[in-house]
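The next block is start-v7.pdb, given as PDB, C-alpha atoms.
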```pdb
MODEL        1
ATOM      1  CA  MET C   1      84.018  -8.670-180.009
ATOM      2  CA  PRO C   2      82.777  -9.124-176.436
ATOM      3  CA  VAL C   3      81.625 -12.656-175.678
ATOM      4  CA  ASP C   4      79.580 -13.205-172.545
ATOM      5  CA  PRO C   5      79.784 -16.910-171.643
ATOM      6  CA  ASP C   6      76.581 -16.639-169.616
ATOM      7  CA  ALA C   7      74.585 -14.970-172.391
ATOM      8  CA  LEU C   8      73.028 -18.295-173.343
ATOM      9  CA  ASP C   9      71.744 -18.794-169.800
ATOM     10  CA  GLY C  10      69.773 -15.590-170.231
ATOM     11  CA  LEU C  11      68.560 -16.663-173.648
ATOM     12  CA  LEU C  12      67.202 -19.921-172.192
ATOM     13  CA  ALA C  13      66.308 -18.606-168.731
ATOM     14  CA  GLY C  14      62.721 -19.788-169.104
ATOM     15  CA  ARG C  15      64.002 -23.370-169.292
ATOM     16  CA  GLY C  16      66.419 -23.230-166.381
ATOM     17  CA  GLY C  17      69.432 -21.965-168.330
ATOM     18  CA  PHE C  18      71.634 -23.420-171.061
ATOM     19  CA  GLU C  19      72.549 -26.705-169.371
ATOM     20  CA  ALA C  20      68.991 -27.669-168.393
ATOM     21  CA  ALA C  21      67.662 -26.679-171.829
ATOM     22  CA  TYR C  22      70.418 -28.577-173.655
ATOM     23  CA  GLU C  23      69.720 -31.727-171.620
ATOM     24  CA  LYS C  24      65.993 -31.466-172.302
ATOM     25  CA  LEU C  25      66.645 -31.004-176.020
ATOM     26  CA  VAL C  26      68.871 -34.086-176.067
ATOM     27  CA  ALA C  27      66.072 -36.010-174.328
ATOM     28  CA  ALA C  28      63.566 -34.762-176.932
ATOM     29  CA  ALA C  29      65.901 -35.755-179.774
ATOM     30  CA  LYS C  30      66.419 -39.192-178.210
ATOM     31  CA  ALA C  31      62.673 -39.715-177.861
ATOM     32  CA  TRP C  32      62.037 -38.744-181.488
ATOM     33  CA  LEU C  33      64.914 -40.855-182.777
ATOM     34  CA  GLN C  34      63.562 -43.834-180.824
ATOM     35  CA  THR C  35      60.039 -43.260-182.056
ATOM     36  CA  TYR C  36      60.758 -42.590-185.724
ATOM     37  CA  GLY C  37      63.864 -44.723-186.270
ATOM     38  CA  GLY C  38      63.234 -47.838-188.325
ATOM     39  CA  ASP C  39      64.729 -50.429-190.582
ATOM     40  CA  SER C  40      64.140 -49.034-194.021
ATOM     41  CA  GLY C  41      64.752 -45.897-196.048
ATOM     42  CA  GLY C  42      65.697 -42.721-194.241
ATOM     43  CA  ARG C  43      64.370 -44.094-190.987
ATOM     44  CA  ALA C  44      67.256 -46.549-190.919
ATOM     45  CA  LEU C  45      69.609 -43.552-191.090
ATOM     46  CA  LEU C  46      68.010 -42.165-187.935
ATOM     47  CA  ARG C  47      69.395 -45.117-186.001
ATOM     48  CA  GLN C  48      72.897 -43.877-186.836
ATOM     49  CA  LEU C  49      72.324 -40.368-185.490
ATOM     50  CA  GLU C  50      73.414 -39.239-182.041
ATOM     51  CA  ALA C  51      70.853 -37.111-180.227
ATOM     52  CA  ALA C  52      73.460 -34.579-179.015
ATOM     53  CA  ASP C  53      74.729 -34.075-182.600
ATOM     54  CA  VAL C  54      71.195 -33.285-183.728
ATOM     55  CA  VAL C  55      70.941 -30.698-180.941
ATOM     56  CA  ASP C  56      74.236 -29.082-182.017
ATOM     57  CA  THR C  57      72.968 -28.826-185.587
ATOM     58  CA  ALA C  58      69.854 -27.071-184.279
ATOM     59  CA  PHE C  59      72.002 -24.503-182.420
ATOM     60  CA  ASP C  60      74.119 -23.969-185.552
ATOM     61  CA  ARG C  61      70.974 -23.307-187.530
ATOM     62  CA  LEU C  62      69.611 -21.000-184.837
ATOM     63  CA  PHE C  63      72.650 -18.734-184.931
ATOM     64  CA  THR C  64      72.951 -18.852-188.707
ATOM     65  CA  GLU C  65      69.321 -17.998-189.416
ATOM     66  CA  GLY C  66      68.753 -15.833-186.354
ATOM     67  CA  PHE C  67      65.512 -15.316-184.482
ATOM     68  CA  SER C  68      63.154 -12.507-183.582
ATOM     69  CA  PRO C  69      63.388 -10.650-180.264
ATOM     70  CA  GLY C  70      61.092 -12.239-177.716
ATOM     71  CA  GLU C  71      60.834 -15.509-179.633
ATOM     72  CA  ASP C  72      60.909 -18.638-177.468
ATOM     73  CA  VAL C  73      64.344 -19.904-178.470
ATOM     74  CA  TYR C  74      63.806 -23.288-176.814
ATOM     75  CA  LEU C  75      60.708 -23.986-178.918
ATOM     76  CA  LEU C  76      62.534 -22.813-182.031
ATOM     77  CA  LEU C  77      65.430 -25.184-181.315
ATOM     78  CA  ARG C  78      62.996 -28.019-180.700
ATOM     79  CA  ARG C  79      61.331 -27.298-184.027
ATOM     80  CA  HIS C  80      64.734 -27.337-185.773
ATOM     81  CA  ILE C  81      65.447 -30.745-184.187
ATOM     82  CA  ARG C  82      62.094 -32.136-185.250
ATOM     83  CA  ASN C  83      62.555 -30.822-188.799
ATOM     84  CA  HIS C  84      66.052 -32.310-188.969
ATOM     85  CA  ILE C  85      64.763 -35.744-187.952
ATOM     86  CA  ARG C  86      61.858 -35.420-190.360
ATOM     87  CA  THR C  87      64.212 -34.473-193.213
ATOM     88  CA  VAL C  88      66.481 -37.450-192.570
ATOM     89  CA  ALA C  89      63.493 -39.795-192.298
ATOM     90  CA  LYS C  90      62.332 -38.634-195.732
ATOM     91  CA  SER C  91      65.785 -38.415-197.279
ATOM     92  CA  VAL C  92      65.996 -41.922-198.705
ATOM     93  CA  LYS C  93      63.092 -43.092-200.742
ATOM     94  CA  GLU C  94      61.898 -46.632-200.338
ATOM     95  CA  ARG C  95      61.815 -48.768-203.444
ATOM     96  CA  GLN C  96      58.753 -50.797-204.127
ATOM     97  CA  THR C  97      58.424 -53.318-206.944
ATOM     98  CA  VAL C  98      55.011 -53.312-208.547
ATOM     99  CA  ARG C  99      53.694 -55.667-211.225
ATOM    100  CA  VAL C 100      51.762 -53.445-213.580
ATOM    101  CA  ASP C 101      49.974 -56.298-215.392
ATOM    102  CA  GLY C 102      50.512 -59.977-216.133
ATOM    103  CA  ASP C 103      53.603 -59.330-218.218
ATOM    104  CA  GLU C 104      56.815 -59.668-216.244
ATOM    105  CA  GLU C 105      58.422 -57.109-218.536
ATOM    106  CA  SER C 106      56.083 -54.522-217.169
ATOM    107  CA  THR C 107      57.371 -54.940-213.641
ATOM    108  CA  ARG C 108      58.679 -51.640-212.530
ATOM    109  CA  THR C 109      60.376 -50.353-209.490
ATOM    110  CA  TYR C 110      58.639 -47.349-208.119
ATOM    111  CA  LEU C 111      59.939 -44.926-205.596
ATOM    112  CA  GLN C 112      57.647 -44.546-202.694
ATOM    113  CA  GLN C 113      58.155 -41.649-200.399
ATOM    114  CA  THR C 114      56.597 -41.869-197.009
ATOM    115  CA  ASP C 115      56.478 -39.280-194.323
ATOM    116  CA  PRO C 116      56.469 -41.015-190.943
ATOM    117  CA  LEU C 117      55.425 -37.815-189.188
ATOM    118  CA  GLU C 118      52.234 -37.523-191.165
ATOM    119  CA  GLN C 119      50.565 -40.684-189.983
ATOM    120  CA  SER C 120      47.160 -40.699-188.362
ATOM    121  CA  ALA C 121      47.212 -39.681-184.724
ATOM    122  CA  PRO C 122      47.290 -43.132-183.048
ATOM    123  CA  GLU C 123      50.046 -44.271-185.396
ATOM    124  CA  ARG C 124      52.219 -41.239-184.695
ATOM    125  CA  ALA C 125      53.122 -42.711-181.342
ATOM    126  CA  LEU C 126      55.025 -45.469-183.018
ATOM    127  CA  ILE C 127      55.682 -46.683-186.485
ATOM    128  CA  ILE C 128      56.455 -50.331-186.472
ATOM    129  CA  ASP C 129      58.030 -51.972-189.459
ATOM    130  CA  ASP C 130      59.828 -54.730-187.671
ATOM    131  CA  LEU C 131      57.553 -57.190-185.959
ATOM    132  CA  GLU C 132      60.426 -59.422-184.989
ATOM    133  CA  TYR C 133      62.210 -56.531-183.276
ATOM    134  CA  CYS C 134      59.136 -55.653-181.234
ATOM    135  CA  MET C 135      58.701 -59.258-180.138
ATOM    136  CA  LYS C 136      62.353 -59.466-179.143
ATOM    137  CA  VAL C 137      62.043 -56.331-177.011
ATOM    138  CA  LEU C 138      58.911 -57.684-175.330
ATOM    139  CA  PHE C 139      60.607 -61.014-174.679
ATOM    140  CA  ARG C 140      63.661 -59.244-173.290
ATOM    141  CA  MET C 141      61.422 -57.149-171.065
ATOM    142  CA  THR C 142      59.604 -60.143-169.597
ATOM    143  CA  SER C 143      62.903 -61.988-169.123
ATOM    144  CA  GLU C 144      64.816 -59.163-167.493
ATOM    145  CA  VAL C 145      62.158 -57.998-165.037
ATOM    146  CA  LYS C 146      61.876 -61.373-163.369
ATOM    147  CA  ASP C 147      63.874 -59.901-160.485
ATOM    148  CA  ASP C 148      60.922 -57.569-159.813
ATOM    149  CA  PRO C 149      57.757 -59.707-159.512
ATOM    150  CA  GLN C 150      55.441 -56.699-159.356
ATOM    151  CA  VAL C 151      56.780 -55.239-162.619
ATOM    152  CA  LEU C 152      56.581 -58.688-164.203
ATOM    153  CA  ALA C 153      52.944 -59.050-163.099
ATOM    154  CA  LEU C 154      52.146 -55.585-164.464
ATOM    155  CA  VAL C 155      53.802 -56.252-167.838
ATOM    156  CA  SER C 156      52.083 -59.632-168.081
ATOM    157  CA  ALA C 157      48.710 -57.984-167.473
ATOM    158  CA  ILE C 158      49.439 -55.419-170.206
ATOM    159  CA  ILE C 159      50.448 -58.159-172.636
ATOM    160  CA  GLU C 160      47.196 -59.954-171.815
ATOM    161  CA  GLY C 161      45.403 -56.846-172.981
ATOM    162  CA  PHE C 162      44.548 -55.078-169.731
ATOM    163  CA  ARG C 163      44.885 -51.255-169.705
ATOM    164  CA  ASP C 164      42.541 -50.087-167.001
ATOM    165  CA  PRO C 165      44.518 -49.520-163.745
ATOM    166  CA  ASP C 166      41.734 -50.943-161.572
ATOM    167  CA  GLU C 167      41.593 -54.128-163.631
ATOM    168  CA  ILE C 168      45.389 -54.400-163.661
ATOM    169  CA  CYS C 169      45.415 -54.050-159.865
ATOM    170  CA  VAL C 170      43.085 -57.056-159.604
ATOM    171  CA  VAL C 171      44.926 -59.173-162.182
ATOM    172  CA  ALA C 172      48.428 -58.315-160.925
ATOM    173  CA  GLU C 173      47.379 -58.370-157.262
ATOM    174  CA  LEU C 174      48.553 -54.823-156.595
ATOM    175  CA  THR C 175      47.137 -52.067-154.404
ATOM    176  CA  LYS C 176      46.686 -48.667-156.094
ATOM    177  CA  PRO C 177      49.806 -47.134-154.456
ATOM    178  CA  GLN C 178      51.761 -50.247-155.432
ATOM    179  CA  TYR C 179      50.443 -49.907-158.977
ATOM    180  CA  ASP C 180      51.639 -46.297-159.239
ATOM    181  CA  ALA C 181      55.119 -47.124-157.967
ATOM    182  CA  THR C 182      55.329 -50.273-160.093
ATOM    183  CA  PHE C 183      54.217 -48.418-163.219
ATOM    184  CA  LYS C 184      57.064 -45.915-162.744
ATOM    185  CA  ARG C 185      59.595 -48.725-162.364
ATOM    186  CA  MET C 186      58.157 -50.461-165.401
ATOM    187  CA  LYS C 187      58.523 -47.309-167.539
ATOM    188  CA  ARG C 188      62.173 -46.965-166.555
ATOM    189  CA  ARG C 189      62.943 -50.624-167.219
ATOM    190  CA  PHE C 190      61.247 -50.508-170.611
ATOM    191  CA  ALA C 191      63.100 -47.307-171.609
ATOM    192  CA  GLN C 192      66.397 -48.953-170.596
ATOM    193  CA  ILE C 193      65.653 -52.144-172.534
ATOM    194  CA  LEU C 194      64.459 -50.180-175.554
ATOM    195  CA  ALA C 195      67.671 -48.118-175.607
ATOM    196  CA  ALA C 196      69.830 -51.224-175.186
ATOM    197  CA  SER C 197      67.944 -52.956-178.009
ATOM    198  CA  GLU C 198      68.440 -49.907-180.254
ATOM    199  CA  GLU C 199      72.169 -50.014-179.532
ATOM    200  CA  ASP C 200      72.264 -53.709-180.432
ATOM    201  CA  LYS C 201      70.714 -52.916-183.802
ATOM    202  CA  LYS C 202      73.369 -50.334-184.723
TER     203      LYS C 202
ATOM    204  CA  MET H 203      42.576 -67.279-179.757
ATOM    205  CA  ASN H 204      44.468 -67.829-182.990
ATOM    206  CA  PRO H 205      48.194 -66.962-183.379
ATOM    207  CA  LYS H 206      47.422 -63.810-185.343
ATOM    208  CA  ASP H 207      45.342 -62.436-182.496
ATOM    209  CA  LYS H 208      48.153 -63.107-180.058
ATOM    210  CA  THR H 209      50.617 -61.265-182.282
ATOM    211  CA  THR H 210      48.247 -58.335-182.539
ATOM    212  CA  GLU H 211      47.840 -58.257-178.776
ATOM    213  CA  LYS H 212      51.609 -58.273-178.298
ATOM    214  CA  MET H 213      52.040 -55.462-180.798
ATOM    215  CA  GLU H 214      49.374 -53.478-178.960
ATOM    216  CA  ALA H 215      51.207 -54.139-175.698
ATOM    217  CA  PHE H 216      54.506 -53.022-177.238
ATOM    218  CA  LYS H 217      52.936 -49.802-178.501
ATOM    219  CA  TYR H 218      51.400 -49.138-175.099
ATOM    220  CA  LEU H 219      54.671 -49.720-173.249
ATOM    221  CA  HIS H 220      56.554 -47.627-175.810
ATOM    222  CA  SER H 221      54.239 -44.622-175.549
ATOM    223  CA  ALA H 222      54.261 -44.888-171.741
ATOM    224  CA  SER H 223      58.072 -45.050-171.544
ATOM    225  CA  VAL H 224      59.229 -42.617-174.249
ATOM    226  CA  PRO H 225      58.152 -39.099-173.239
ATOM    227  CA  ASP H 226      56.338 -36.859-175.706
ATOM    228  CA  GLU H 227      56.810 -33.071-175.881
ATOM    229  CA  THR H 228      54.204 -32.330-173.218
ATOM    230  CA  THR H 229      55.624 -34.888-170.800
ATOM    231  CA  LEU H 230      59.159 -33.610-171.384
ATOM    232  CA  ASP H 231      58.085 -30.033-170.723
ATOM    233  CA  ALA H 232      56.667 -31.077-167.379
ATOM    234  CA  MET H 233      59.754 -33.068-166.345
ATOM    235  CA  SER H 234      62.212 -31.648-163.815
ATOM    236  CA  LYS H 235      65.954 -31.473-164.561
ATOM    237  CA  GLU H 236      66.484 -34.532-162.358
ATOM    238  CA  GLU H 237      63.818 -36.506-164.212
ATOM    239  CA  VAL H 238      65.324 -35.547-167.579
ATOM    240  CA  GLU H 239      68.769 -36.652-166.378
ATOM    241  CA  GLN H 240      67.265 -39.907-165.120
ATOM    242  CA  PHE H 241      65.712 -40.537-168.538
ATOM    243  CA  LEU H 242      68.999 -39.759-170.283
ATOM    244  CA  THR H 243      70.895 -42.098-167.952
ATOM    245  CA  ASP H 244      68.309 -44.850-168.428
ATOM    246  CA  THR H 245      68.635 -44.572-172.185
ATOM    247  CA  GLY H 246      72.388 -45.030-172.156
ATOM    248  CA  CYS H 247      73.672 -41.467-171.915
ATOM    249  CA  ASP H 248      76.898 -40.918-169.953
ATOM    250  CA  MET H 249      76.067 -37.778-167.968
ATOM    251  CA  LYS H 250      79.720 -36.971-167.212
ATOM    252  CA  THR H 251      80.523 -36.911-170.936
ATOM    253  CA  LEU H 252      77.363 -34.950-171.674
ATOM    254  CA  ARG H 253      78.192 -32.292-169.046
ATOM    255  CA  GLU H 254      81.679 -31.870-170.520
ATOM    256  CA  ARG H 255      80.110 -31.499-173.936
ATOM    257  CA  ILE H 256      77.617 -28.940-172.607
ATOM    258  CA  ALA H 257      80.425 -26.841-171.067
ATOM    259  CA  ASP H 258      82.279 -26.898-174.398
ATOM    260  CA  ARG H 259      79.181 -26.027-176.419
ATOM    261  CA  LYS H 260      78.292 -23.230-174.013
ATOM    262  CA  ARG H 261      81.581 -21.504-174.825
ATOM    263  CA  LYS H 262      81.316 -22.185-178.533
ATOM    264  CA  PHE H 263      77.696 -21.130-178.910
ATOM    265  CA  ALA H 264      78.206 -17.992-176.787
ATOM    266  CA  GLY H 265      80.646 -16.861-179.482
ATOM    267  CA  ARG H 266      78.174 -17.725-182.214
ATOM    268  CA  TYR H 267      75.439 -15.812-180.387
ATOM    269  CA  ALA H 268      77.665 -12.740-180.097
ATOM    270  CA  LEU H 269      78.459 -12.996-183.816
ATOM    271  CA  MET H 270      74.787 -13.261-184.670
ATOM    272  CA  LEU H 271      73.960 -10.166-182.610
ATOM    273  CA  ALA H 272      76.812  -8.235-184.234
ATOM    274  CA  ARG H 273      75.600  -9.257-187.673
ATOM    275  CA  GLN H 274      72.046  -8.218-186.844
ATOM    276  CA  ARG H 275      73.289  -4.835-185.584
ATOM    277  CA  ARG H 276      75.225  -4.311-188.780
ATOM    278  CA  LEU H 277      72.276  -5.278-190.959
ATOM    279  CA  ALA H 278      70.100  -2.859-189.001
ATOM    280  CA  GLY H 279      72.614  -0.094-189.775
ATOM    281  CA  LYS H 280      73.650   0.301-186.204
ATOM    282  CA  ALA H 281      77.264  -0.706-186.546
ATOM    283  CA  ASP H 282      78.330   2.739-185.361
ATOM    284  CA  ASP H 283      76.625   2.213-182.012
ATOM    285  CA  GLY H 284      79.477   0.238-180.534
ATOM    286  CA  PRO H 285      83.249   0.390-180.645
ATOM    287  CA  GLU H 286      84.951  -1.033-183.713
ATOM    288  CA  PRO H 287      85.764  -4.687-182.938
ATOM    289  CA  SER H 288      89.422  -5.479-182.551
ATOM    290  CA  VAL H 289      90.838  -7.798-185.185
ATOM    291  CA  PRO H 290      93.482 -10.395-184.285
ATOM    292  CA  ASP H 291      96.742  -9.057-185.729
ATOM    293  CA  THR H 292      97.934 -12.304-187.271
ATOM    294  CA  LYS H 293      96.524 -14.708-189.823
ATOM    295  CA  GLU H 294      96.863 -17.519-187.246
ATOM    296  CA  GLY H 295      94.869 -15.502-184.715
ATOM    297  CA  ILE H 296      91.951 -15.096-187.108
ATOM    298  CA  ILE H 297      92.053 -18.772-188.087
ATOM    299  CA  ALA H 298      92.036 -19.747-184.402
ATOM    300  CA  PHE H 299      88.986 -17.516-183.914
ATOM    301  CA  PHE H 300      87.130 -19.152-186.795
ATOM    302  CA  GLU H 301      87.932 -22.631-185.563
ATOM    303  CA  GLN H 302      86.935 -21.845-181.997
ATOM    304  CA  HIS H 303      83.584 -20.323-182.879
ATOM    305  CA  PHE H 304      82.496 -22.270-185.921
ATOM    306  CA  GLY H 305      84.207 -25.640-185.851
ATOM    307  CA  ALA H 306      82.880 -27.767-188.686
ATOM    308  CA  SER H 307      80.041 -25.388-189.521
ATOM    309  CA  LEU H 308      81.984 -22.532-191.073
ATOM    310  CA  PRO H 309      80.090 -20.248-193.428
ATOM    311  CA  LEU H 310      80.581 -21.196-197.068
ATOM    312  CA  ALA H 311      82.691 -18.118-197.785
ATOM    313  CA  ALA H 312      85.169 -19.146-195.132
ATOM    314  CA  ARG H 313      85.630 -22.804-196.083
ATOM    315  CA  ASN H 314      88.972 -22.172-197.761
ATOM    316  CA  PHE H 315      90.083 -19.601-195.232
ATOM    317  CA  LYS H 316      93.404 -21.248-194.504
ATOM    318  CA  SER H 317      94.675 -20.421-197.980
ATOM    319  CA  ALA H 318      93.502 -16.796-197.817
ATOM    320  CA  ASP H 319      95.916 -13.955-197.035
ATOM    321  CA  TYR H 320      95.634 -11.731-193.969
ATOM    322  CA  SER H 321      93.685  -8.925-195.658
ATOM    323  CA  GLU H 322      91.085 -11.364-196.988
ATOM    324  CA  LEU H 323      90.777 -13.007-193.592
ATOM    325  CA  ARG H 324      90.502  -9.600-191.928
ATOM    326  CA  ARG H 325      87.649  -8.612-194.231
ATOM    327  CA  LEU H 326      85.886 -11.923-193.581
ATOM    328  CA  TYR H 327      86.363 -11.507-189.843
ATOM    329  CA  LEU H 328      84.878  -8.014-189.867
ATOM    330  CA  ASP H 329      82.042  -9.225-192.036
ATOM    331  CA  LEU H 330      81.202 -11.850-189.446
ATOM    332  CA  VAL H 331      81.512  -9.654-186.374
ATOM    333  CA  GLY H 332      79.889  -6.632-187.971
ATOM    334  CA  GLY H 333      82.763  -4.153-188.156
ATOM    335  CA  LYS H 334      82.864  -1.121-190.417
ATOM    336  CA  GLY H 335      85.831  -2.542-192.274
ATOM    337  CA  ALA H 336      83.650  -5.209-193.827
ATOM    338  CA  GLY H 337      82.661  -3.100-196.821
ATOM    339  CA  PRO H 338      84.293  -3.344-200.236
ATOM    340  CA  ASP H 339      86.200  -0.092-199.677
ATOM    341  CA  ALA H 340      87.783  -1.247-196.446
ATOM    342  CA  GLU H 341      91.536  -1.193-195.874
TER     343      GLU H 341
ENDMDL
END
```

Have the structure of the file written as structure tokens, please.
Amino acid sequence: MPVDPDALDGLLAGRGGFEAAYEKLVAAAKAWLQTYGGDSGGRALLRQLEAADVVDTAFDRLFTEGFSPGEDVYLLLRRHIRNHIRTVAKSVKERQTVRVDGDEESTRTYLQQTDPLEQSAPERALIIDDLEYCMKVLFRMTSEVKDDPQVLALVSAIIEGFRDPDEICVVAELTKPQYDATFKRMKRRFAQILAASEEDKK
Amino acid sequence: MNPKDKTTEKMEAFKYLHSASVPDETTLDAMSKEEVEQFLTDTGCDMKTLRERIADRKRKFAGRYALMLARQRRLAGKADDGPEPSVPDTKEGIIAFFEQHFGASLPLAARNFKSADYSELRRLYLDLVGGKGAGPDAE
């Protein structure tokens, strides 16, 4: 059976070849795991998953199930990854104790199944079930960016409730070009702190 | 401002920072390879290890892709279009092939392949790569 090692580059040529596509899929898996991971039910299991393993499972599924000629393989793989994460998130049902009436005997434990990917649009960005965790990350962020006064001023303005760039520029005493550069640095620092905090929780 | 309002504001700030820092599908699509690698590095990924993994998976998945194409050809009744695939001439050779191309994700029928004899393994091999010998009357 002839095996062409570069065949996958052709298959994913639209995404810069196999290596570039694989890296982007790992990044997508990481982003979804960070967004949908949590502390209860199947979402707690997501914290144990490695993004690259999820990508490998998607490739396994791709070659087992096949695909149609001309189909965008990258999008198909991304869908497999999303479905995998969704399945794990729903895999363990959360138990909820409910008092049916005044009689303690009637207390029952019900299984509540939630689908974190079917929230309303604003909530899809993040599902928070751990207030303490969020506060810790924010505290860590404000503590660790003290070496960069502009990022600290920007984060402080956001915590105070400012979102409009023009207003933030006034409050944080930044020019517009400084704001753009500072915002990029802030995003990187927050992503780093978020990932480190996730690791600490494992 | 009461404490509850402050908590709400902080949660709002966390959500805002989170959505700004963790890329969604559209943002990822627009990111260059360098930007993706920067994000992976920032989120704790060792790029050297990842590149080694990618090289390994590229070899492994190329074999899986070839198997998938062979299977599709066979299912489409076009197995006669190409030359009959060569079968490793030892049981160990076939097992090595399975392990190289499938690893932990072997098809169900092949899970106990190590205990099978050569003719069974040969039939399974041809079934996977789409050879004519895969039928029940083979051998």

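For chain C, the residues no farther than 6 Å from chain H when using only C-alpha atoms are C:Met1, C:Val3, C:Pro5, C:Ala31, C:Phe63, C:Ile158, C:Ile159, C:Lys187, C:Ala191, C:Gln192, C:Ala195.
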
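In this structure, CA of Leu323 in chain H sits 20.2 Å away from CA of Leu277 in chain H.
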
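The residues caught by the PyMOL selection byres ((chain C and resi 199) around 12) in this file are Gln34, Gly37, Arg47, Gln48, Leu49, Glu50, Gln192, Ile193, Leu194, Ala195, Ala196, Ser197, Glu198, Asp200, Lys201 and Lys202 of chain C; Thr245, Gly246 and Cys247 of chain H.
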
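Atom to atom, CA of Glu173 in chain C and CA of Met135 in chain C stand 25.5 Å apart.
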
Please output range 64-80 of chain C, rebuilt to include N, CA and C atoms, as a PDB file, keeping the file's coordinate frame.
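Result written to selection_5.pdb:
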```pdb
ATOM      1  N   THR C  64      72.754 -19.212-187.300  1.00  0.00           N
ATOM      2  CA  THR C  64      72.951 -18.852-188.707  1.00  0.00           C
ATOM      3  C   THR C  64      71.729 -18.096-189.232  1.00  0.00           C
ATOM      4  N   GLU C  65      70.551 -18.607-188.900  1.00  0.00           N
ATOM      5  CA  GLU C  65      69.321 -17.998-189.416  1.00  0.00           C
ATOM      6  C   GLU C  65      68.828 -16.855-188.543  1.00  0.00           C
ATOM      7  N   GLY C  66      69.208 -16.872-187.268  1.00  0.00           N
ATOM      8  CA  GLY C  66      68.753 -15.833-186.354  1.00  0.00           C
ATOM      9  C   GLY C  66      67.344 -16.094-185.857  1.00  0.00           C
ATOM     10  N   PHE C  67      66.868 -15.187-185.016  1.00  0.00           N
ATOM     11  CA  PHE C  67      65.512 -15.316-184.482  1.00  0.00           C
ATOM     12  C   PHE C  67      65.030 -13.929-184.067  1.00  0.00           C
ATOM     13  N   SER C  68      63.736 -13.804-183.909  1.00  0.00           N
ATOM     14  CA  SER C  68      63.154 -12.507-183.582  1.00  0.00           C
ATOM     15  C   SER C  68      63.251 -12.253-182.083  1.00  0.00           C
ATOM     16  N   PRO C  69      63.369 -10.971-181.691  1.00  0.00           N
ATOM     17  CA  PRO C  69      63.388 -10.650-180.264  1.00  0.00           C
ATOM     18  C   PRO C  69      62.110 -11.162-179.600  1.00  0.00           C
ATOM     19  N   GLY C  70      62.256 -11.758-178.452  1.00  0.00           N
ATOM     20  CA  GLY C  70      61.092 -12.239-177.716  1.00  0.00           C
ATOM     21  C   GLY C  70      60.633 -13.625-178.134  1.00  0.00           C
ATOM     22  N   GLU C  71      61.224 -14.173-179.185  1.00  0.00           N
ATOM     23  CA  GLU C  71      60.834 -15.509-179.633  1.00  0.00           C
ATOM     24  C   GLU C  71      61.318 -16.551-178.623  1.00  0.00           C
ATOM     25  N   ASP C  72      60.505 -17.580-178.388  1.00  0.00           N
ATOM     26  CA  ASP C  72      60.909 -18.638-177.468  1.00  0.00           C
ATOM     27  C   ASP C  72      61.966 -19.501-178.160  1.00  0.00           C
ATOM     28  N   VAL C  73      63.222 -19.255-177.793  1.00  0.00           N
ATOM     29  CA  VAL C  73      64.344 -19.904-178.470  1.00  0.00           C
ATOM     30  C   VAL C  73      64.308 -21.421-178.272  1.00  0.00           C
ATOM     31  N   TYR C  74      63.868 -21.849-177.081  1.00  0.00           N
ATOM     32  CA  TYR C  74      63.806 -23.288-176.814  1.00  0.00           C
ATOM     33  C   TYR C  74      62.855 -23.972-177.796  1.00  0.00           C
ATOM     34  N   LEU C  75      61.685 -23.381-177.996  1.00  0.00           N
ATOM     35  CA  LEU C  75      60.708 -23.986-178.918  1.00  0.00           C
ATOM     36  C   LEU C  75      61.232 -23.979-180.356  1.00  0.00           C
ATOM     37  N   LEU C  76      61.959 -22.898-180.686  1.00  0.00           N
ATOM     38  CA  LEU C  76      62.534 -22.813-182.031  1.00  0.00           C
ATOM     39  C   LEU C  76      63.577 -23.920-182.239  1.00  0.00           C
ATOM     40  N   LEU C  77      64.421 -24.111-181.232  1.00  0.00           N
ATOM     41  CA  LEU C  77      65.430 -25.184-181.315  1.00  0.00           C
ATOM     42  C   LEU C  77      64.753 -26.546-181.436  1.00  0.00           C
ATOM     43  N   ARG C  78      63.711 -26.735-180.654  1.00  0.00           N
ATOM     44  CA  ARG C  78      62.996 -28.019-180.700  1.00  0.00           C
ATOM     45  C   ARG C  78      62.384 -28.256-182.081  1.00  0.00           C
ATOM     46  N   ARG C  79      61.899 -27.171-182.675  1.00  0.00           N
ATOM     47  CA  ARG C  79      61.331 -27.298-184.027  1.00  0.00           C
ATOM     48  C   ARG C  79      62.426 -27.656-185.036  1.00  0.00           C
ATOM     49  N   HIS C  80      63.608 -27.009-184.882  1.00  0.00           N
ATOM     50  CA  HIS C  80      64.734 -27.337-185.773  1.00  0.00           C
ATOM     51  C   HIS C  80      65.095 -28.822-185.649  1.00  0.00           C
TER      52      HIS C  80
END
```
